[in-house]
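For reference, the structure is listed below as structure tokens.
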Amino acid sequence: MKKLINAPATVLADALRGVEAAHPELEVDHENRLVLRPTAGTEGQVALVSGGGSGHEPLHSGFVGPGMLAAACAGEIFTSPTPDQMLAAAQKVNTGAGVLFIVKNYTGDVLNFEMAADLAGDEGIETASVLVADDVAVEDSTWTAGRRGIGGTVIVEKVAGAAAAEGRPLAEVAAVAEKVSKASRSMGVALTSCTVPSAGKPSFDLPEDQIEMGVGIHGEPGRTRKPLASAHDIAEELVSSITADLDFTGGPVIALLTGLGGTPLIELYVVYAEVAAALEQRGIEVARSLVGDYITSLDMAGCSLTLTLADDEVLRLWDAPVNTSGLRWGA
Amino acid sequence: MKKLINAPATVLADALRGVEAAHPELEVDHENRLVLRPTAGTEGQVALVSGGGSGHEPLHSGFVGPGMLAAACAGEIFTSPTPDQMLAAAQKVNTGAGVLFIVKNYTGDVLNFEMAADLAGDEGIETASVLVADDVAVEDSTWTAGRRGIGGTVIVEKVAGAAAAEGRPLAEVAAVAEKVSKASRSMGVALTSCTVPSAGKPSFDLPEDQIEMGVGIHGEPGRTRKPLASAHDIAEELVSSITADLDFTGGPVIALLTGLGGTPLIELYVVYAEVAAALEQRGIEVARSLVGDYITSLDMAGCSLTLTLADDEVLRLWDAPVNTSGLRWGA
Amino acid sequence: MADAVTTATLQNWLRRAAQALSENADYLTQLDSAIGDADHGTNMNRGFTAITAKLDAGSPADIPALFKTVGMTLISSVGGASGPLYGTLFLEMGKNSPADGEMNAADLEKALRAGVAGIVARGHAEVGDKTMVDALDPAVEALSASVASGATAAEAVTAAAEAAQKGSDATEPLVARKGRASYLGERSAGHIDPGSVSATILLRTMSEALTESAG
Amino acid sequence: MADAVTTATLQNWLRRAAQALSENADYLTQLDSAIGDADHGTNMNRGFTAITAKLDAGSPADIPALFKTVGMTLISSVGGASGPLYGTLFLEMGKNSPADGEMNAADLEKALRAGVAGIVARGHAEVGDKTMVDALDPAVEALSASVASGATAAEAVTAAAEAAQKGSDATEPLVARKGRASYLGERSAGHIDPGSVSATILLRTMSEALTESAG
Ligand SMILES: Nc1ncnc2c1ncn2[C@@H]1O[C@H](COP(=O)(O)OP(=O)(O)O)[C@@H](O)[C@H]1O
Ligand SMILES: Nc1ncnc2c1ncn2[C@@H]1O[C@H](COP(=O)(O)OP(=O)(O)O)[C@@H](O)[C@H]1O
Ligand SMILES: [Mg+2]
Ligand SMILES: [Mg+2]
Ligand SMILES: [Mg+2]
Ligand SMILES: [Mg+2]
């Protein structure tokens, strides 16, 4: 394993020191492993708290700031943070208007945020939670844990953050988040496995001529293994999987093509050219797009496509100012 | 070789289609392989044109837009673009105030931009050129090609872009660019080689327990090969090499830690924590910082540190609004 | 009374568990690589290292307090799915343990049954979903049967550990319906569930601790 | 006259060069991987493929026009260091060639000398800097000597190609002072310079074309 780290056990603590050094505008609570924006100026606004296992940067710490998250709780690599972290975050950022937890649908994240919500309730903090479960590679069933939350999370955090910044009440911010979550679908592909630092070796072996379709963001194997294909064919499969699951022809769409950590931007643009063509062919109108590393899986090579069916409100909130290290415009 | 591409020969053309699809605010000239911002609203401003081999994204196309470059000329992977591309760019973006070529110091880039400047002169376009040669891993000598231009280029493009946006004349914009270029020093480290698509295999072999110190951004081997070291030790070597070359204690510093394409953000923050500590120990004050992928080397794992000695003017221009896909604030 | 389970025995159990989980951390992580995210060994090791540190710092007053401390420690140090689930196990065991300093076999059965019920209430997994419940549920049933037939606590827990082992082994062919492995669908078959192995380790070390104190 | 070099012979040369550069593209790129950026083969192949396409589309009127087209094509299709340098070689050869349709050995010597001088003027490399100049400079010297001693154009260029090959081989131990390889300092020693090999290929194929038309 070759990584720019000091030791597997200190990766998260060290990275948080780096975040603190690079972003003096943010507060880093090392004890609770939180990245927070100052609350000054956000009085009366709903505070968005998200978090999850680390290794997906810039998600979530890179999305803390005006117009997006109030706090991010950082778990160990690929491990949900704990309820006490979430409670500490809620206590620090709540200005009285309540806290929205944005939770990716993994058993660990769900359970820990559930406990945190209970604890916050005990402390008199009003909370609501929205679950993101957008990965079409996973079959949706009431008998299972349901779908994973991946790229849709970025869109939910941005749009809900803008709604919060408008001063809307908790129920409305939660409803907007819910709407965006329900209107988002994603699908990813891996060219290589990632390597979890404490594991010290790749989570799975993938021969030089094979790829994994339908991977998540935790080095879990995908749904199917296939021969390495062209960017065109891969884009076609991502798009057809997503559009088979939800009809995106009805309205404008926000498209997010994220790298998974080990894939350079030039390749993402190559894929995005094919994605755009595949969408146009299907009569789907891309109103906004993002291409780059937004939600990653350590050093995995590959990409993940997210489409969100938007309406005027969602586009307006998408366009609203945001000022974070990972996403910034109008500010 | 595992890449998200269609074919080695079409990587650049395909990526430019992707840039066009993802950024409707930009113009892409496929024939001349240019990415351009609209000239409307820039009348009377000096136009910055840069370019170089592709594979370093977001540099340069990601820095085209208000407050930074007017045009980027894209060469083949790691191959300087040609004079006719540069001339076409100059013709398209010149609004009468002249064109500043920002050139990374590689023989190919220098010769091609030289020819372009001659051609532009023939067309009655006033040009000036600034050379970036900031890599301290390369010995500086009048007998050699001199130092490579790497991370300093990002800082030069940002600061000079802001000077141009202020409407300052060509000579002044060039002087600012020159000042920043002279005040910048960089040093990089590779954990892996990159793979040039048309070559199909890594440019160099690096055993699991070895790293290359002092690499450039073209898969060329570095100055020395060493055993894999901790982020702390690597940061210490980057900082000491840079600060041995130029005294940075005298003023505020802009620090850029860029990933080389295959290294995830979490590792960059781990390194930046150590860089910040190493600088503080030396009494060097970091006034502004950037951590992320800004100038890359295809899929190489590793990072490169740049320090620029700034003054009030440089910091003011650094803080000025910029609105590009790769760098955006105040806009 | 030889069959009494004291806080000392339980602490011995927890330390043995910490030791065994540390020794098996790589194995658990390897199992989690195959169908999860390669952290279960690290997670359990982190949690039980924290528990050991808590025990070193001073003993809780009684068994309910001990279990509560363990549960809270797991919840605040493990994260992931296993943190809240094992945390709930111990919190529920704490709520269902006698405060008078000792447990007999029946007490242990009651506490463990409540603990496992807590896991099921939290995680909604049933036997056959390919989770820790596949080891824990048969373990509790075996414990009950042993206790009902008059076994000592040590004997009963040994039977429970054997049942857990069988339940864990039986997860191999299953298609997961809960937890991270469920994302793999059919591809989750052919691998043992990591949580069922850590659960088995907990029961096995409990059996060792009880057998040692009984012998 | 058997010693006359016609545009047809020169076109034959350029097509042979294109063929040889295409066959050696991987080798040139491999040499460039060791001390450069792994693109020299791709660059030369791209440039000479473009030249072949230009020739297929129609022949320039005379030798100066032919060389000018080749030079401009290289400049606008190759990029990198080799594009402007080889482009300059051909532009200068064009400016220093007779417009009457044929060249003799002395004409060729004059043109090539001017071309190589153009490269040196542009790139400021001297013999020993570990560049294409290490092949081209001795080639021109050998050409001059041969021509002075009364050799035919074909014989003289064959001698030049041999000198180029020697010059190229001699780059192996050198520490580069120009081009990308110079960034490596001492580590550039022990590898042949890729540009010196492509230059040798140009001279070797020229020798083949001239020998063929002379024979
Ligand atoms: N809903 C659930 N109910 C019971 N156990 C579960 C459930 N989901 C997951 N598990 C158990 O948790 C184990 C994984 O734990 P761990 O790897 O530490 O957490 P994570 O899955 O969050 O990475 C699984 O092997 C499984 O036994
Ligand atoms: N200043 C120079 N003068 C003469 N030849 C040079 C000079 N710089 C580089 N070269 C030649 O160019 C070759 C490299 O060409 P190429 O790989 O196509 O371009 P680049 O170095 O831009 O990638 C080198 O092997 C060397 O022979
Ligand atoms: Mg996990
Ligand atoms: Mg090159
Ligand atoms: Mg796990
Ligand atoms: Mg080269």
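In the structure tokens, chains take the letters A, B, ... in the order shown, each chain's residues start at 1, and ligands count up from 1 in the order shown.
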*asked:* If we count only C-alpha atoms and set the cut-off at 9 Å, which residues sit around stretch 238-241 of chain B, ignoring sequence neighbours fewer than 2 positions away in its own chain? Please answer as a PyMOL selection string.
replied: chain B and resi 136-137+186-189+213-214+233-236+243-245+275+278-279+304-305+307
*List every residue of stretch 215-274 of chain A that DSSP, applied to the backbone, labels as strand (DSSP E or B), and write the result as a PyMOL selection string.*
chain A and resi 224-227+253-259+261
Output file for the residues above (all heavy atoms, as a compact mmCIF listing (two decimals), in the first residue's frame):
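As a result, result.txt now contains:
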```
# COMPACT_ATOMS: atom_id res chain seq x y z
N THR A 224 -21.80 -6.39 -11.07
CA THR A 224 -21.31 -7.30 -12.10
C THR A 224 -19.90 -6.92 -12.50
O THR A 224 -19.51 -5.76 -12.43
CB THR A 224 -22.16 -7.23 -13.40
OG1 THR A 224 -22.33 -5.86 -13.75
CG2 THR A 224 -23.50 -7.89 -13.22
N ARG A 225 -19.17 -7.92 -12.91
CA ARG A 225 -17.83 -7.70 -13.42
C ARG A 225 -17.89 -7.88 -14.92
O ARG A 225 -18.55 -8.79 -15.41
CB ARG A 225 -16.89 -8.72 -12.79
CG ARG A 225 -15.45 -8.50 -13.10
CD ARG A 225 -14.57 -9.27 -12.13
NE ARG A 225 -14.59 -8.66 -10.80
CZ ARG A 225 -13.65 -8.90 -9.88
NH1 ARG A 225 -12.67 -9.73 -10.12
NH2 ARG A 225 -13.72 -8.30 -8.71
N LYS A 226 -17.22 -6.98 -15.65
CA LYS A 226 -17.29 -7.05 -17.12
C LYS A 226 -15.91 -6.76 -17.70
O LYS A 226 -15.05 -6.21 -17.02
CB LYS A 226 -18.16 -5.93 -17.67
CG LYS A 226 -19.46 -5.71 -17.02
CD LYS A 226 -20.24 -4.73 -17.88
CE LYS A 226 -21.56 -5.31 -18.27
NZ LYS A 226 -22.17 -4.61 -19.39
N PRO A 227 -15.77 -7.05 -18.99
CA PRO A 227 -14.52 -6.64 -19.64
C PRO A 227 -14.43 -5.12 -19.71
O PRO A 227 -15.46 -4.44 -19.83
CB PRO A 227 -14.65 -7.23 -21.06
CG PRO A 227 -15.77 -8.22 -20.98
CD PRO A 227 -16.67 -7.79 -19.87
N VAL A 253 -32.66 18.57 -15.75
CA VAL A 253 -31.91 17.63 -14.94
C VAL A 253 -30.60 18.27 -14.47
O VAL A 253 -29.99 19.05 -15.20
CB VAL A 253 -31.62 16.36 -15.78
CG1 VAL A 253 -30.46 15.57 -15.26
CG2 VAL A 253 -32.88 15.49 -15.87
N ILE A 254 -30.23 17.98 -13.23
CA ILE A 254 -28.88 18.32 -12.76
C ILE A 254 -28.06 17.05 -12.90
O ILE A 254 -28.47 15.98 -12.42
CB ILE A 254 -28.89 18.78 -11.29
CG1 ILE A 254 -29.78 20.03 -11.14
CG2 ILE A 254 -27.47 19.07 -10.81
CD1 ILE A 254 -30.02 20.45 -9.69
N ALA A 255 -26.92 17.16 -13.58
CA ALA A 255 -26.06 16.00 -13.79
C ALA A 255 -24.76 16.19 -13.02
O ALA A 255 -24.14 17.25 -13.07
CB ALA A 255 -25.75 15.80 -15.27
N LEU A 256 -24.37 15.17 -12.29
CA LEU A 256 -23.11 15.18 -11.55
C LEU A 256 -22.31 13.97 -11.98
O LEU A 256 -22.77 12.84 -11.86
CB LEU A 256 -23.39 15.10 -10.05
CG LEU A 256 -22.23 14.69 -9.13
CD1 LEU A 256 -21.16 15.76 -9.10
CD2 LEU A 256 -22.72 14.42 -7.71
N LEU A 257 -21.13 14.22 -12.50
CA LEU A 257 -20.22 13.10 -12.80
C LEU A 257 -19.03 13.24 -11.87
O LEU A 257 -18.20 14.15 -12.02
CB LEU A 257 -19.76 13.10 -14.26
CG LEU A 257 -18.86 11.90 -14.60
CD1 LEU A 257 -19.66 10.61 -14.61
CD2 LEU A 257 -18.17 12.11 -15.95
N THR A 258 -18.96 12.37 -10.89
CA THR A 258 -17.86 12.48 -9.93
C THR A 258 -16.81 11.42 -10.20
O THR A 258 -17.14 10.29 -10.58
CB THR A 258 -18.37 12.35 -8.48
OG1 THR A 258 -17.25 12.57 -7.58
CG2 THR A 258 -18.94 10.96 -8.18
N GLY A 259 -15.57 11.80 -10.03
CA GLY A 259 -14.50 10.82 -10.01
C GLY A 259 -14.52 10.12 -8.67
O GLY A 259 -15.06 10.64 -7.69
N GLY A 261 -11.76 9.23 -6.99
CA GLY A 261 -10.57 9.53 -6.19
C GLY A 261 -9.27 9.29 -6.93
O GLY A 261 -8.30 10.01 -6.74
```
_List as a PyMOL selection string the protein and nucleic acid residues near B:Leu290, meaning an atom at most 12 Å away when only C-alpha atoms are counted, but skip any in the same chain fewer than 3 places from it._
(chain A and resi 18-19+21-24+325-326) or (chain B and resi 151+154-155+253-259+265+268-269+272+276+286-287+293-295+304-308+318+326-328)
*What is the distance between atom CA of B:Gly149 and atom CA of B:Asp135, in Å to one decimal?*
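The value is 6.1 Å.
Of the residues listed (B:Leu191, B:Leu246, B:Ala74, B:Leu206), B:Leu191 shows the shortest atom-to-atom separation from chain A; distances use only C-alpha atoms.
Omitting C:Ala145 and its sequence neighbours fewer than 3 positions away, and counting only C-alpha atoms, the residues within 12 Å are C:Ala105, C:Ala106, C:Glu109, C:Pro138, C:Ala139, C:Val140, C:Glu141, C:Ala142, C:Ala148, C:Ser149, C:Gly150, C:Ala151, C:Thr152, C:Ala153, C:Glu155, C:Ala156, C:Val157, C:Ala159, C:Ala160, C:Ala163.
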*helix (DSSP H, G or I) positions in stretch 110-190 of chain A, given as a VMD selection string*: chain A and resid 110 to 122 152 to 165 170 to 182
*asked:* With distances taken over only C-alpha atoms and all ligand atoms, which residue among A:Val159, A:Val196, A:Ala175, A:Ala9 lies nearest ligand 5?
replied: A:Val196
*Extract, using only C-alpha atoms, all DNA, RNA and protein residues at most 10 Å from B:Gly67, discarding same-chain residues fewer than 2 positions from it, and format them as a PyMOL selection string.*
chain B and resi 42+48+63-65+69-70+157-166+317-318+320-324+327-329+331
Using N, CA, C and O atoms, can you export the residues from the last selection as a tab-separated table (two decimals), in the first residue's frame?
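Saved to out_11.tsv:
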```tsv
chain	number	residue	atom	x	y	z
B	42	THR	N	-14.91	42.22	-21.97
B	42	THR	CA	-13.48	42.30	-21.67
B	42	THR	C	-12.78	43.30	-22.59
B	42	THR	O	-11.56	43.30	-22.68
B	48	LEU	N	-5.20	37.01	-21.49
B	48	LEU	CA	-4.19	36.01	-21.12
B	48	LEU	C	-4.42	34.72	-21.90
B	48	LEU	O	-5.52	34.17	-21.88
B	63	PHE	N	-9.00	26.95	-16.07
B	63	PHE	CA	-8.74	28.29	-15.56
B	63	PHE	C	-9.11	29.37	-16.56
B	63	PHE	O	-8.66	30.51	-16.47
B	64	VAL	N	-9.93	28.99	-17.52
B	64	VAL	CA	-10.43	29.96	-18.50
B	64	VAL	C	-11.72	30.55	-17.97
B	64	VAL	O	-12.64	29.81	-17.60
B	65	GLY	N	-11.78	31.86	-17.93
B	65	GLY	CA	-12.99	32.53	-17.48
B	65	GLY	C	-12.66	33.87	-16.88
B	65	GLY	O	-11.49	34.23	-16.74
B	69	LEU	N	-7.75	33.20	-17.32
B	69	LEU	CA	-7.34	33.11	-18.73
B	69	LEU	C	-8.46	33.50	-19.69
B	69	LEU	O	-9.63	33.22	-19.47
B	70	ALA	N	-8.05	34.08	-20.82
B	70	ALA	CA	-8.99	34.32	-21.91
B	70	ALA	C	-9.08	33.08	-22.80
B	70	ALA	O	-10.13	32.80	-23.38
B	157	GLU	N	-1.22	32.60	-13.32
B	157	GLU	CA	-2.43	32.80	-14.13
B	157	GLU	C	-3.52	33.53	-13.35
B	157	GLU	O	-4.20	34.41	-13.88
B	158	LYS	N	-3.66	33.16	-12.08
B	158	LYS	CA	-4.69	33.82	-11.26
B	158	LYS	C	-4.36	35.30	-11.04
B	158	LYS	O	-5.21	36.17	-11.23
B	159	VAL	N	-3.15	35.57	-10.63
B	159	VAL	CA	-2.79	36.94	-10.26
B	159	VAL	C	-2.74	37.84	-11.50
B	159	VAL	O	-3.27	38.96	-11.50
B	160	ALA	N	-2.13	37.33	-12.57
B	160	ALA	CA	-2.07	38.13	-13.79
B	160	ALA	C	-3.46	38.33	-14.37
B	160	ALA	O	-3.77	39.41	-14.93
B	161	GLY	N	-4.31	37.31	-14.23
B	161	GLY	CA	-5.69	37.44	-14.70
B	161	GLY	C	-6.43	38.55	-13.99
B	161	GLY	O	-7.21	39.30	-14.61
B	162	ALA	N	-6.17	38.67	-12.71
B	162	ALA	CA	-6.82	39.75	-11.95
B	162	ALA	C	-6.28	41.11	-12.38
B	162	ALA	O	-7.03	42.09	-12.47
B	163	ALA	N	-4.98	41.18	-12.64
B	163	ALA	CA	-4.40	42.45	-13.11
B	163	ALA	C	-4.98	42.83	-14.45
B	163	ALA	O	-5.29	44.00	-14.71
B	164	ALA	N	-5.16	41.86	-15.33
B	164	ALA	CA	-5.76	42.14	-16.64
B	164	ALA	C	-7.20	42.62	-16.47
B	164	ALA	O	-7.63	43.56	-17.15
B	165	ALA	N	-7.92	41.99	-15.55
B	165	ALA	CA	-9.32	42.37	-15.34
B	165	ALA	C	-9.45	43.79	-14.80
B	165	ALA	O	-10.49	44.43	-14.95
B	166	GLU	N	-8.38	44.28	-14.18
B	166	GLU	CA	-8.39	45.67	-13.70
B	166	GLU	C	-8.17	46.64	-14.84
B	166	GLU	O	-8.18	47.86	-14.64
B	317	LEU	N	-4.70	40.92	-5.66
B	317	LEU	CA	-5.07	40.34	-6.96
B	317	LEU	C	-5.47	38.87	-6.80
B	317	LEU	O	-6.35	38.38	-7.50
B	318	TRP	N	-4.83	38.19	-5.88
B	318	TRP	CA	-5.22	36.80	-5.59
B	318	TRP	C	-6.68	36.73	-5.11
B	318	TRP	O	-7.45	35.86	-5.52
B	320	ALA	N	-9.04	38.82	-5.73
B	320	ALA	CA	-10.00	39.39	-6.67
B	320	ALA	C	-10.88	38.29	-7.24
B	320	ALA	O	-10.48	37.13	-7.31
B	321	PRO	N	-12.11	38.64	-7.67
B	321	PRO	CA	-13.04	37.63	-8.17
B	321	PRO	C	-12.47	36.82	-9.32
B	321	PRO	O	-11.78	37.35	-10.19
B	322	VAL	N	-12.77	35.55	-9.32
B	322	VAL	CA	-12.37	34.66	-10.42
B	322	VAL	C	-13.52	33.70	-10.64
B	322	VAL	O	-14.13	33.24	-9.69
B	323	ASN	N	-13.81	33.42	-11.89
B	323	ASN	CA	-14.97	32.57	-12.17
B	323	ASN	C	-14.64	31.57	-13.27
B	323	ASN	O	-14.97	31.74	-14.43
B	324	THR	N	-13.94	30.54	-12.87
B	324	THR	CA	-13.57	29.46	-13.80
B	324	THR	C	-14.02	28.15	-13.19
B	324	THR	O	-14.38	28.09	-12.01
B	327	LEU	N	-11.26	27.23	-10.47
B	327	LEU	CA	-10.97	28.19	-9.40
B	327	LEU	C	-12.08	29.23	-9.44
B	327	LEU	O	-12.29	29.87	-10.48
B	328	ARG	N	-12.78	29.36	-8.33
B	328	ARG	CA	-13.89	30.32	-8.35
B	328	ARG	C	-14.09	30.93	-6.98
B	328	ARG	O	-14.21	30.19	-6.00
B	329	TRP	N	-14.06	32.22	-6.91
B	329	TRP	CA	-14.49	32.91	-5.69
B	329	TRP	C	-14.86	34.35	-6.01
B	329	TRP	O	-14.45	34.88	-7.05
B	331	ALA	N	-17.43	35.43	-7.13
B	331	ALA	CA	-18.18	35.53	-8.38
B	331	ALA	C	-19.17	34.37	-8.46
B	331	ALA	O	-18.92	33.30	-7.93
```
*Within 6 Å of chain B, which residues of chain D show up when using only C-alpha atoms, listed as a list in words?*
Ser33, Gly36, Asp37, Ser76, Gly79, Gly80, Ala81, Arg177, Lys178, Gly179, Tyr183 and Leu184 of chain D
